[in-house]
Amino acid sequence: MRHIRPASSPPQPSHRRRRRAILRTALASAAALIVAVAAALLSSPAQALGVGGTPSPVTGNATHFDGLGAPYGGCGMPQANLDSQDFIALNVFNTPGNYGQFPRPVPPAQAGILGMFDNGLNCGRWVKVSIGDFCTGTNDGAQNEPFCRNGSWTADKYNGATLNMLVADSCGDSNAWCRDDPYHIDLHTDSINRFQLNGAAVGDLLDHWNNRQVTWQFINAPNYSGDINIGFIQGAQVYWPAISVSHLANGIHGVQYLSANGTWVSAAMDSDMGQAYIIGPTAAAGSGYQIRVTDASDNLINGGQVYSFSLPSSCGSNCGAAYTPVTYTTTPGSGSGSPSSPSSSPSSTPSSSASSPPSTPSTPSTPSSPSTPSSPSSSAAGAGCSVTSSVTGSWSSGYQLAFTVTNTGSTATSEWAVRFSFAGSQTIANSWNVTAAQSGQAVTANSVSYNGSLAPGAATSWGMVINGANQPLSSISCVSS
């Protein structure tokens, strides 16, 4: 379903319907020197953030946006199914002064540019947000410009108002807020007037916003009760069992599934959508699943409790709804035990650069549902695999594809290959987690050293950036041995 991108590839779809309060005032000539100095400072290398938490409150600019896009936001949950309609987006990148494009998820080799979104690992966590100072000048997030220029930060009657909010989205935009300010957060517009001060909602804070400062800190889910929610996301099916996990006491850092060979396997996150994972069945090509979940402290929740459920019959060949909730049963867990390694590792260095896209797509794209999987085919007894693909972003000169290969056989694979054809004159600009070759319209993508071996039911993900028109692939198939 979504995401790795090379450094020159297009920005991730925002997943948001954004509207920021911006004062459009002209710069006075007297500010030119200040602007130049600020730009020079912002061009210095980014300092790696402590993205795993906030031991003490942090302060940054706060913008606002209308809501999550369809079918879901950057954490893999539809807005209608969130625990709260008071939610925020965190910055994907920390690249002061550098507004170019970078891979998503951020590969280990570039960990120094991780923003507080932390490749999705802070999804589903709660934060306590406190209102800070108002900007009397211009705070429009312009590149290489200081925040609150031609003005100052000033306290007013709204300072100290608080609201608990849920991390549900990501901000990878190429503006100063999302790149220069490590602690910037983007708030759901409807939440702003619900901030509480002296026990009452402030009511009219949105009319006095101007992207003011806020202070915030991660907290455990307030007044938590019950247990997690599990649902299959749009396009999920037997050969692509993608789920989202929500209603979390302390976020989510991983999902483990019981594989067909009886071992616990770390599920692959659906790109950097931190609440969405691609799991495997308890029987080859089956539709029954058992999972356990780790929280933001990397502890198995509820002592390693095991959640058992099945793909709902209402999904038919695949789940058409953005989110299809499931009922589950639970069994006590041991609270310990190490899963086998994830079925794939992200490529640390993209193989080539894509043609340079515009800094922001003219229209945020909506990821499509996965294509119909290929019929499992094999070159050895007991071997077989399937592949699904989806568009995770598009722009005027190209688009990005994500693929998932699943072992549908009864024995482990040692290697696999995916073949398909483009509909037109498209060319591969970049690929990751495969060795790709193109001859005319025909493409072959072979597994690499770390992801060719898949246990029965296990899956691995890879992707490509494509130059050319976004058209459906044809004759997509998978073979394994």
# chains A, B, ... in the order shown; residues from 1 in each chain; ligands from 1

$ select_by_dssp --residues "stretch 128-273 of chain A" --states "helix (DSSP H, G or I)" --output "list in words"
Ala176, Trp177, Cys178, Arg179, Asp180, Thr189, Asp190, Ser191, Ile192, Asn193, Arg194, Leu205, Leu206, Asp207 and His208 of chain A

$ select_by_dssp --residues "stretch 156-340 of chain A" --states "strand (DSSP E or B)" --output "NGL selection string"
:A and (162-171 or 185-188 or 196-197 or 200-201 or 213-219 or 229-233 or 237 or 240 or 242-246 or 254-258 or 264-266 or 268-270 or 273-278 or 288-294 or 300 or 306-310 or 323-325 or 329-331 or 340)

$ closest_residue --among "A:Gly251, A:Gly141, A:Gly288, A:Gly160" --to "A:Ala62" --atoms "only C-alpha atoms"
A:Gly141

$ residues_around --residues "A:Leu82" --least-positions-apart "2" --cutoff "12 Å" --atoms "only C-alpha atoms" --output "VMD selection string"
chain A and resid 67 to 68 72 to 73 75 to 80 84 to 88 123 to 126 165 to 169 228 to 231 244 to 248 275 323

$ write_last_selection --atoms "N, CA, C and O atoms" --output "short mmCIF file (atom, residue, chain, number, x, y, z; two decimals), in the first residue's frame"
data_model
loop_
_atom_site.label_atom_id
_atom_site.label_comp_id
_atom_site.auth_asym_id
_atom_site.auth_seq_id
_atom_site.Cartn_x
_atom_site.Cartn_y
_atom_site.Cartn_z
N GLY A 67 -8.93 17.79 8.16
CA GLY A 67 -9.23 16.41 8.51
C GLY A 67 -8.39 15.44 7.71
O GLY A 67 -7.64 15.82 6.80
N LEU A 68 -8.50 14.15 8.06
CA LEU A 68 -7.76 13.11 7.36
C LEU A 68 -8.35 12.90 5.97
O LEU A 68 -9.55 13.02 5.76
N TYR A 72 -7.75 6.75 4.52
CA TYR A 72 -7.29 6.89 5.91
C TYR A 72 -6.13 7.86 5.97
O TYR A 72 -5.60 8.31 4.95
N GLY A 73 -5.76 8.22 7.19
CA GLY A 73 -4.67 9.15 7.39
C GLY A 73 -3.32 8.48 7.38
O GLY A 73 -3.19 7.28 7.11
N CYS A 75 -1.42 7.40 9.56
CA CYS A 75 -1.17 6.30 10.51
C CYS A 75 -1.93 5.04 10.13
O CYS A 75 -1.81 4.01 10.82
N GLY A 76 -2.75 5.10 9.08
CA GLY A 76 -3.46 3.92 8.62
C GLY A 76 -4.83 3.72 9.23
O GLY A 76 -5.39 2.62 9.11
N MET A 77 -5.41 4.75 9.83
CA MET A 77 -6.75 4.67 10.40
C MET A 77 -7.65 5.71 9.75
O MET A 77 -7.27 6.87 9.60
N PRO A 78 -8.89 5.32 9.37
CA PRO A 78 -9.84 6.33 8.89
C PRO A 78 -10.24 7.26 10.02
O PRO A 78 -10.29 6.86 11.19
N GLN A 79 -10.56 8.49 9.67
CA GLN A 79 -10.94 9.46 10.69
C GLN A 79 -12.15 9.00 11.50
O GLN A 79 -12.20 9.20 12.72
N ALA A 80 -13.12 8.38 10.84
CA ALA A 80 -14.35 7.97 11.52
C ALA A 80 -14.10 6.92 12.59
O ALA A 80 -14.93 6.74 13.49
N SER A 84 -10.56 9.47 19.01
CA SER A 84 -10.91 10.85 19.31
C SER A 84 -10.85 11.67 18.03
O SER A 84 -10.04 11.42 17.15
N GLN A 85 -11.73 12.67 17.95
CA GLN A 85 -11.65 13.61 16.84
C GLN A 85 -10.74 14.79 17.16
O GLN A 85 -10.64 15.74 16.37
N ASP A 86 -10.06 14.72 18.28
CA ASP A 86 -9.01 15.67 18.62
C ASP A 86 -7.69 14.99 18.28
O ASP A 86 -7.17 14.16 19.04
N PHE A 87 -7.14 15.29 17.11
CA PHE A 87 -5.95 14.58 16.65
C PHE A 87 -4.95 15.53 15.99
O PHE A 87 -5.28 16.67 15.64
N ILE A 88 -3.72 15.03 15.84
CA ILE A 88 -2.63 15.85 15.29
C ILE A 88 -1.83 15.05 14.28
O ILE A 88 -1.94 13.83 14.19
N CYS A 123 2.63 6.76 15.99
CA CYS A 123 1.20 6.72 15.68
C CYS A 123 0.42 6.09 16.84
O CYS A 123 0.91 5.19 17.52
N GLY A 124 -0.80 6.55 17.02
CA GLY A 124 -1.66 5.97 18.04
C GLY A 124 -1.32 6.39 19.46
O GLY A 124 -1.98 5.95 20.41
N ARG A 125 -0.31 7.24 19.63
CA ARG A 125 0.03 7.75 20.97
C ARG A 125 -0.75 9.03 21.25
O ARG A 125 -1.22 9.72 20.35
N TRP A 126 -0.87 9.34 22.51
CA TRP A 126 -1.55 10.55 22.94
C TRP A 126 -0.54 11.61 23.34
O TRP A 126 0.55 11.30 23.81
N MET A 165 -4.69 15.03 22.80
CA MET A 165 -4.91 14.78 21.37
C MET A 165 -4.18 13.51 20.93
O MET A 165 -3.20 13.08 21.56
N LEU A 166 -4.66 12.93 19.85
CA LEU A 166 -4.18 11.64 19.37
C LEU A 166 -3.32 11.84 18.12
O LEU A 166 -3.70 12.58 17.21
N VAL A 167 -2.19 11.15 18.04
CA VAL A 167 -1.36 11.19 16.83
C VAL A 167 -2.01 10.30 15.78
O VAL A 167 -2.12 9.09 15.95
N ALA A 168 -2.45 10.92 14.66
CA ALA A 168 -3.18 10.17 13.64
C ALA A 168 -2.69 10.43 12.23
O ALA A 168 -3.19 9.82 11.29
N ASP A 169 -1.71 11.33 12.06
CA ASP A 169 -1.31 11.70 10.71
C ASP A 169 0.14 12.16 10.68
O ASP A 169 0.79 12.30 11.74
N ILE A 228 -7.73 -3.43 22.76
CA ILE A 228 -7.47 -2.87 21.43
C ILE A 228 -8.61 -3.14 20.46
O ILE A 228 -9.44 -4.03 20.68
N ASN A 229 -8.65 -2.35 19.39
CA ASN A 229 -9.55 -2.59 18.27
C ASN A 229 -8.72 -3.05 17.07
O ASN A 229 -7.60 -2.56 16.84
N ILE A 230 -9.26 -4.00 16.31
CA ILE A 230 -8.58 -4.53 15.13
C ILE A 230 -9.54 -4.45 13.96
O ILE A 230 -10.73 -4.75 14.09
N GLY A 231 -9.04 -4.05 12.81
CA GLY A 231 -9.86 -4.01 11.61
C GLY A 231 -9.01 -4.22 10.38
O GLY A 231 -7.81 -3.87 10.36
N SER A 244 -5.34 -2.71 10.72
CA SER A 244 -4.99 -1.56 11.55
C SER A 244 -5.38 -1.87 12.98
O SER A 244 -6.43 -2.48 13.24
N VAL A 245 -4.54 -1.43 13.90
CA VAL A 245 -4.76 -1.66 15.33
C VAL A 245 -4.91 -0.31 16.01
O VAL A 245 -4.10 0.60 15.80
N SER A 246 -5.94 -0.17 16.83
CA SER A 246 -6.21 1.11 17.48
C SER A 246 -6.68 0.89 18.91
O SER A 246 -6.70 -0.24 19.40
N HIS A 247 -7.10 1.99 19.55
CA HIS A 247 -7.49 2.00 20.96
C HIS A 247 -6.35 1.43 21.81
O HIS A 247 -6.47 0.40 22.46
N LEU A 248 -5.26 2.17 21.77
CA LEU A 248 -4.00 1.73 22.38
C LEU A 248 -3.71 2.53 23.64
O LEU A 248 -3.87 3.75 23.68
N GLN A 275 0.05 2.29 12.38
CA GLN A 275 -0.95 1.42 13.00
C GLN A 275 -1.40 0.31 12.05
O GLN A 275 -2.26 -0.50 12.41
N TYR A 323 -12.27 0.54 6.44
CA TYR A 323 -11.94 -0.18 7.67
C TYR A 323 -13.08 -1.14 7.97
O TYR A 323 -14.24 -0.73 8.05
#

$ closest_residue --among "A:Val326, A:Met273, A:Val58, A:Ala70" --to "A:Gln217" --atoms "only C-alpha atoms"
A:Val58

$ residues_around --residues "A:Trp240" --least-positions-apart "2" --cutoff "10 Å" --atoms "only C-alpha atoms" --output "mmCIF file with N, CA and C atoms, in the first residue's frame"
data_model
loop_
_atom_site.group_PDB
_atom_site.id
_atom_site.type_symbol
_atom_site.label_atom_id
_atom_site.label_comp_id
_atom_site.auth_asym_id
_atom_site.auth_seq_id
_atom_site.Cartn_x
_atom_site.Cartn_y
_atom_site.Cartn_z
ATOM 1 N N MET A 1 0.784 -1.208 0.000
ATOM 2 C CA MET A 1 0.000 0.000 0.000
ATOM 3 C C MET A 1 0.823 1.268 0.000
ATOM 4 N N GLY A 235 -8.886 -3.072 0.715
ATOM 5 C CA GLY A 235 -8.085 -3.906 -0.166
ATOM 6 C C GLY A 235 -7.566 -5.173 0.477
ATOM 7 N N ALA A 236 -7.748 -5.325 1.790
ATOM 8 C CA ALA A 236 -7.259 -6.526 2.473
ATOM 9 C C ALA A 236 -7.952 -7.767 1.910
ATOM 10 N N GLN A 237 -7.220 -8.871 1.874
ATOM 11 C CA GLN A 237 -7.726 -10.118 1.326
ATOM 12 C C GLN A 237 -6.835 -11.248 1.830
ATOM 13 N N VAL A 238 -7.141 -12.462 1.436
ATOM 14 C CA VAL A 238 -6.369 -13.612 1.899
ATOM 15 C C VAL A 238 -4.895 -13.448 1.575
ATOM 16 N N ALA A 242 -3.986 -7.079 5.471
ATOM 17 C CA ALA A 242 -3.501 -5.848 6.097
ATOM 18 C C ALA A 242 -4.509 -5.372 7.131
ATOM 19 N N ILE A 243 -4.036 -5.129 8.342
ATOM 20 C CA ILE A 243 -4.907 -4.710 9.440
ATOM 21 C C ILE A 243 -4.438 -3.386 10.018
ATOM 22 N N ILE A 278 0.927 -5.771 7.846
ATOM 23 C CA ILE A 278 0.575 -6.863 6.949
ATOM 24 C C ILE A 278 0.943 -8.168 7.651
ATOM 25 N N ILE A 279 -0.057 -8.926 8.041
ATOM 26 C CA ILE A 279 0.159 -10.119 8.855
ATOM 27 C C ILE A 279 0.106 -11.368 7.982
ATOM 28 N N GLY A 280 0.237 -12.522 8.579
ATOM 29 C CA GLY A 280 0.151 -13.789 7.882
ATOM 30 C C GLY A 280 -0.802 -14.726 8.596
ATOM 31 N N ASN A 318 -12.095 -9.108 -1.423
ATOM 32 C CA ASN A 318 -11.242 -8.172 -0.679
ATOM 33 C C ASN A 318 -12.142 -7.172 0.036
ATOM 34 N N PRO A 370 -5.209 -2.175 -3.533
ATOM 35 C CA PRO A 370 -4.284 -3.077 -4.186
ATOM 36 C C PRO A 370 -4.928 -3.723 -5.405
ATOM 37 N N THR A 372 -5.719 -6.786 -8.075
ATOM 38 C CA THR A 372 -6.042 -8.178 -7.855
ATOM 39 C C THR A 372 -4.761 -8.997 -7.840
ATOM 40 N N PRO A 373 -4.549 -9.841 -6.839
ATOM 41 C CA PRO A 373 -3.289 -10.571 -6.765
ATOM 42 C C PRO A 373 -3.180 -11.570 -7.902
ATOM 43 N N SER A 386 2.130 -14.799 -4.275
ATOM 44 C CA SER A 386 1.207 -13.859 -4.889
ATOM 45 C C SER A 386 1.761 -12.462 -4.707
ATOM 46 N N VAL A 387 1.271 -11.527 -5.503
ATOM 47 C CA VAL A 387 1.741 -10.151 -5.405
ATOM 48 C C VAL A 387 0.555 -9.211 -5.553
ATOM 49 N N THR A 388 0.559 -8.142 -4.772
ATOM 50 C CA THR A 388 -0.402 -7.056 -4.922
ATOM 51 C C THR A 388 0.367 -5.763 -5.116
ATOM 52 N N SER A 389 -0.277 -4.802 -5.740
ATOM 53 C CA SER A 389 0.362 -3.504 -5.962
ATOM 54 C C SER A 389 -0.639 -2.398 -5.691
ATOM 55 N N THR A 404 3.488 -5.889 -2.452
ATOM 56 C CA THR A 404 3.633 -6.864 -1.375
ATOM 57 C C THR A 404 3.633 -8.259 -1.988
ATOM 58 N N VAL A 405 4.674 -9.016 -1.687
ATOM 59 C CA VAL A 405 4.780 -10.414 -2.127
ATOM 60 C C VAL A 405 4.506 -11.299 -0.922
ATOM 61 N N THR A 406 3.628 -12.271 -1.087
ATOM 62 C CA THR A 406 3.256 -13.185 -0.014
ATOM 63 C C THR A 406 3.545 -14.621 -0.442
ATOM 64 N N GLY A 457 3.054 -18.119 4.328
ATOM 65 C CA GLY A 457 2.188 -17.075 4.872
ATOM 66 C C GLY A 457 2.876 -15.760 5.116
ATOM 67 N N ALA A 459 5.147 -12.294 4.332
ATOM 68 C CA ALA A 459 5.081 -11.317 3.247
ATOM 69 C C ALA A 459 6.251 -10.351 3.345
#

$ residues_around --residues "A:Gly286" --least-positions-apart "3" --cutoff "12 Å" --atoms "only C-alpha atoms" --output "MDAnalysis selection string"
chainID A and resid 237:241 259:260 279:283 289:290 309:311 407:410 456:458

$ atom_distance --atom1 "atom CA of A:Ile192" --atom2 "atom CA of A:Asp133"
14.5 Å

$ closest_residue --among "A:Pro57, A:Ala109, A:Trp177, A:Ile185" --to "A:Thr215" --atoms "only C-alpha atoms"
A:Pro57

$ closest_residue --among "A:Thr324, A:Asn119, A:Ser477, A:Ser394" --to "A:Pro105" --atoms "only C-alpha atoms"
A:Asn119

$ decode --residues "stretch 140-152 of chain A" --atoms "all heavy atoms" --output "PDB file, in the first residue's frame"
ATOM      1  N   ASP A 140       3.881  32.148   8.193  1.00  0.00           N
ATOM      2  CA  ASP A 140       3.258  31.454   7.066  1.00  0.00           C
ATOM      3  C   ASP A 140       4.017  30.217   6.608  1.00  0.00           C
ATOM      4  O   ASP A 140       3.646  29.600   5.604  1.00  0.00           O
ATOM      5  CB  ASP A 140       3.062  32.416   5.897  1.00  0.00           C
ATOM      6  CG  ASP A 140       4.369  33.025   5.397  1.00  0.00           C
ATOM      7  OD1 ASP A 140       5.438  32.666   5.934  1.00  0.00           O
ATOM      8  OD2 ASP A 140       4.323  33.870   4.470  1.00  0.00           O
ATOM      9  N   GLY A 141       5.079  29.830   7.305  1.00  0.00           N
ATOM     10  CA  GLY A 141       5.796  28.620   6.947  1.00  0.00           C
ATOM     11  C   GLY A 141       6.576  28.720   5.657  1.00  0.00           C
ATOM     12  O   GLY A 141       6.941  27.688   5.076  1.00  0.00           O
ATOM     13  N   ALA A 142       6.868  29.930   5.200  1.00  0.00           N
ATOM     14  CA  ALA A 142       7.616  30.099   3.958  1.00  0.00           C
ATOM     15  C   ALA A 142       9.020  29.543   4.096  1.00  0.00           C
ATOM     16  O   ALA A 142       9.662  29.663   5.154  1.00  0.00           O
ATOM     17  CB  ALA A 142       7.670  31.575   3.566  1.00  0.00           C
ATOM     18  N   GLN A 143       9.510  28.925   3.024  1.00  0.00           N
ATOM     19  CA  GLN A 143      10.847  28.356   3.039  1.00  0.00           C
ATOM     20  C   GLN A 143      11.903  29.437   3.262  1.00  0.00           C
ATOM     21  O   GLN A 143      11.810  30.541   2.747  1.00  0.00           O
ATOM     22  CB  GLN A 143      11.133  27.632   1.723  1.00  0.00           C
ATOM     23  CG  GLN A 143      10.255  26.427   1.465  1.00  0.00           C
ATOM     24  CD  GLN A 143      10.558  25.750   0.145  1.00  0.00           C
ATOM     25  OE1 GLN A 143      11.423  26.186  -0.609  1.00  0.00           O
ATOM     26  NE2 GLN A 143       9.847  24.657  -0.153  1.00  0.00           N
ATOM     27  N   ASN A 144      12.896  29.081   4.071  1.00  0.00           N
ATOM     28  CA  ASN A 144      14.036  29.961   4.350  1.00  0.00           C
ATOM     29  C   ASN A 144      13.634  31.312   4.942  1.00  0.00           C
ATOM     30  O   ASN A 144      14.342  32.309   4.770  1.00  0.00           O
ATOM     31  CB  ASN A 144      14.869  30.182   3.075  1.00  0.00           C
ATOM     32  CG  ASN A 144      15.498  28.901   2.577  1.00  0.00           C
ATOM     33  OD1 ASN A 144      16.070  28.133   3.354  1.00  0.00           O
ATOM     34  ND2 ASN A 144      15.396  28.646   1.276  1.00  0.00           N
ATOM     35  N   GLU A 145      12.509  31.331   5.616  1.00  0.00           N
ATOM     36  CA  GLU A 145      12.057  32.542   6.298  1.00  0.00           C
ATOM     37  C   GLU A 145      11.897  32.244   7.782  1.00  0.00           C
ATOM     38  O   GLU A 145      11.520  31.129   8.160  1.00  0.00           O
ATOM     39  CB  GLU A 145      10.714  33.020   5.731  1.00  0.00           C
ATOM     40  CG  GLU A 145      10.720  33.376   4.252  1.00  0.00           C
ATOM     41  CD  GLU A 145      11.408  34.698   3.975  1.00  0.00           C
ATOM     42  OE1 GLU A 145      11.888  35.341   4.935  1.00  0.00           O
ATOM     43  OE2 GLU A 145      11.462  35.093   2.792  1.00  0.00           O
ATOM     44  N   PRO A 146      12.159  33.242   8.627  1.00  0.00           N
ATOM     45  CA  PRO A 146      11.964  33.019  10.058  1.00  0.00           C
ATOM     46  C   PRO A 146      10.495  32.927  10.406  1.00  0.00           C
ATOM     47  O   PRO A 146       9.634  33.464   9.698  1.00  0.00           O
ATOM     48  CB  PRO A 146      12.618  34.247  10.702  1.00  0.00           C
ATOM     49  CG  PRO A 146      12.535  35.309   9.642  1.00  0.00           C
ATOM     50  CD  PRO A 146      12.668  34.595   8.320  1.00  0.00           C
ATOM     51  N   PHE A 147      10.208  32.234  11.491  1.00  0.00           N
ATOM     52  CA  PHE A 147       8.844  32.196  12.003  1.00  0.00           C
ATOM     53  C   PHE A 147       8.523  33.526  12.673  1.00  0.00           C
ATOM     54  O   PHE A 147       9.383  34.153  13.273  1.00  0.00           O
ATOM     55  CB  PHE A 147       8.671  31.053  13.000  1.00  0.00           C
ATOM     56  CG  PHE A 147       8.961  29.698  12.411  1.00  0.00           C
ATOM     57  CD1 PHE A 147       9.998  28.922  12.895  1.00  0.00           C
ATOM     58  CD2 PHE A 147       8.203  29.198  11.363  1.00  0.00           C
ATOM     59  CE1 PHE A 147      10.274  27.668  12.359  1.00  0.00           C
ATOM     60  CE2 PHE A 147       8.471  27.953  10.809  1.00  0.00           C
ATOM     61  CZ  PHE A 147       9.512  27.187  11.309  1.00  0.00           C
ATOM     62  N   CYS A 148       7.265  33.928  12.560  1.00  0.00           N
ATOM     63  CA  CYS A 148       6.785  35.173  13.174  1.00  0.00           C
ATOM     64  C   CYS A 148       7.666  36.367  12.814  1.00  0.00           C
ATOM     65  O   CYS A 148       8.086  37.135  13.668  1.00  0.00           O
ATOM     66  CB  CYS A 148       6.696  35.026  14.707  1.00  0.00           C
ATOM     67  SG  CYS A 148       5.650  36.301  15.487  1.00  0.00           S
ATOM     68  N   ARG A 149       7.934  36.525  11.507  1.00  0.00           N
ATOM     69  CA  ARG A 149       8.738  37.658  11.078  1.00  0.00           C
ATOM     70  C   ARG A 149       7.904  38.940  11.100  1.00  0.00           C
ATOM     71  O   ARG A 149       6.689  38.903  10.965  1.00  0.00           O
ATOM     72  CB  ARG A 149       9.337  37.415   9.696  1.00  0.00           C
ATOM     73  CG  ARG A 149       8.339  37.230   8.573  1.00  0.00           C
ATOM     74  CD  ARG A 149       9.057  36.829   7.278  1.00  0.00           C
ATOM     75  NE  ARG A 149       8.149  36.708   6.149  1.00  0.00           N
ATOM     76  CZ  ARG A 149       7.490  35.606   5.853  1.00  0.00           C
ATOM     77  NH1 ARG A 149       7.638  34.519   6.613  1.00  0.00           N
ATOM     78  NH2 ARG A 149       6.693  35.575   4.790  1.00  0.00           N
ATOM     79  N   ASN A 150       8.583  40.021  11.258  1.00  0.00           N
ATOM     80  CA  ASN A 150       7.948  41.347  11.349  1.00  0.00           C
ATOM     81  C   ASN A 150       6.951  41.421  12.501  1.00  0.00           C
ATOM     82  O   ASN A 150       5.946  42.129  12.426  1.00  0.00           O
ATOM     83  CB  ASN A 150       7.230  41.702  10.034  1.00  0.00           C
ATOM     84  CG  ASN A 150       8.154  41.661   8.841  1.00  0.00           C
ATOM     85  OD1 ASN A 150       9.333  41.981   8.958  1.00  0.00           O
ATOM     86  ND2 ASN A 150       7.628  41.234   7.692  1.00  0.00           N
ATOM     87  N   GLY A 151       7.223  40.685  13.552  1.00  0.00           N
ATOM     88  CA  GLY A 151       6.349  40.693  14.724  1.00  0.00           C
ATOM     89  C   GLY A 151       7.037  40.019  15.888  1.00  0.00           C
ATOM     90  O   GLY A 151       8.250  39.781  15.864  1.00  0.00           O
ATOM     91  N   SER A 152       6.269  39.667  16.897  1.00  0.00           N
ATOM     92  CA  SER A 152       6.847  39.024  18.083  1.00  0.00           C
ATOM     93  C   SER A 152       5.845  38.046  18.671  1.00  0.00           C
ATOM     94  O   SER A 152       4.648  38.082  18.377  1.00  0.00           O
ATOM     95  CB  SER A 152       7.225  40.077  19.133  1.00  0.00           C
ATOM     96  OG  SER A 152       6.074  40.819  19.541  1.00  0.00           O
TER      97      SER A 152
END
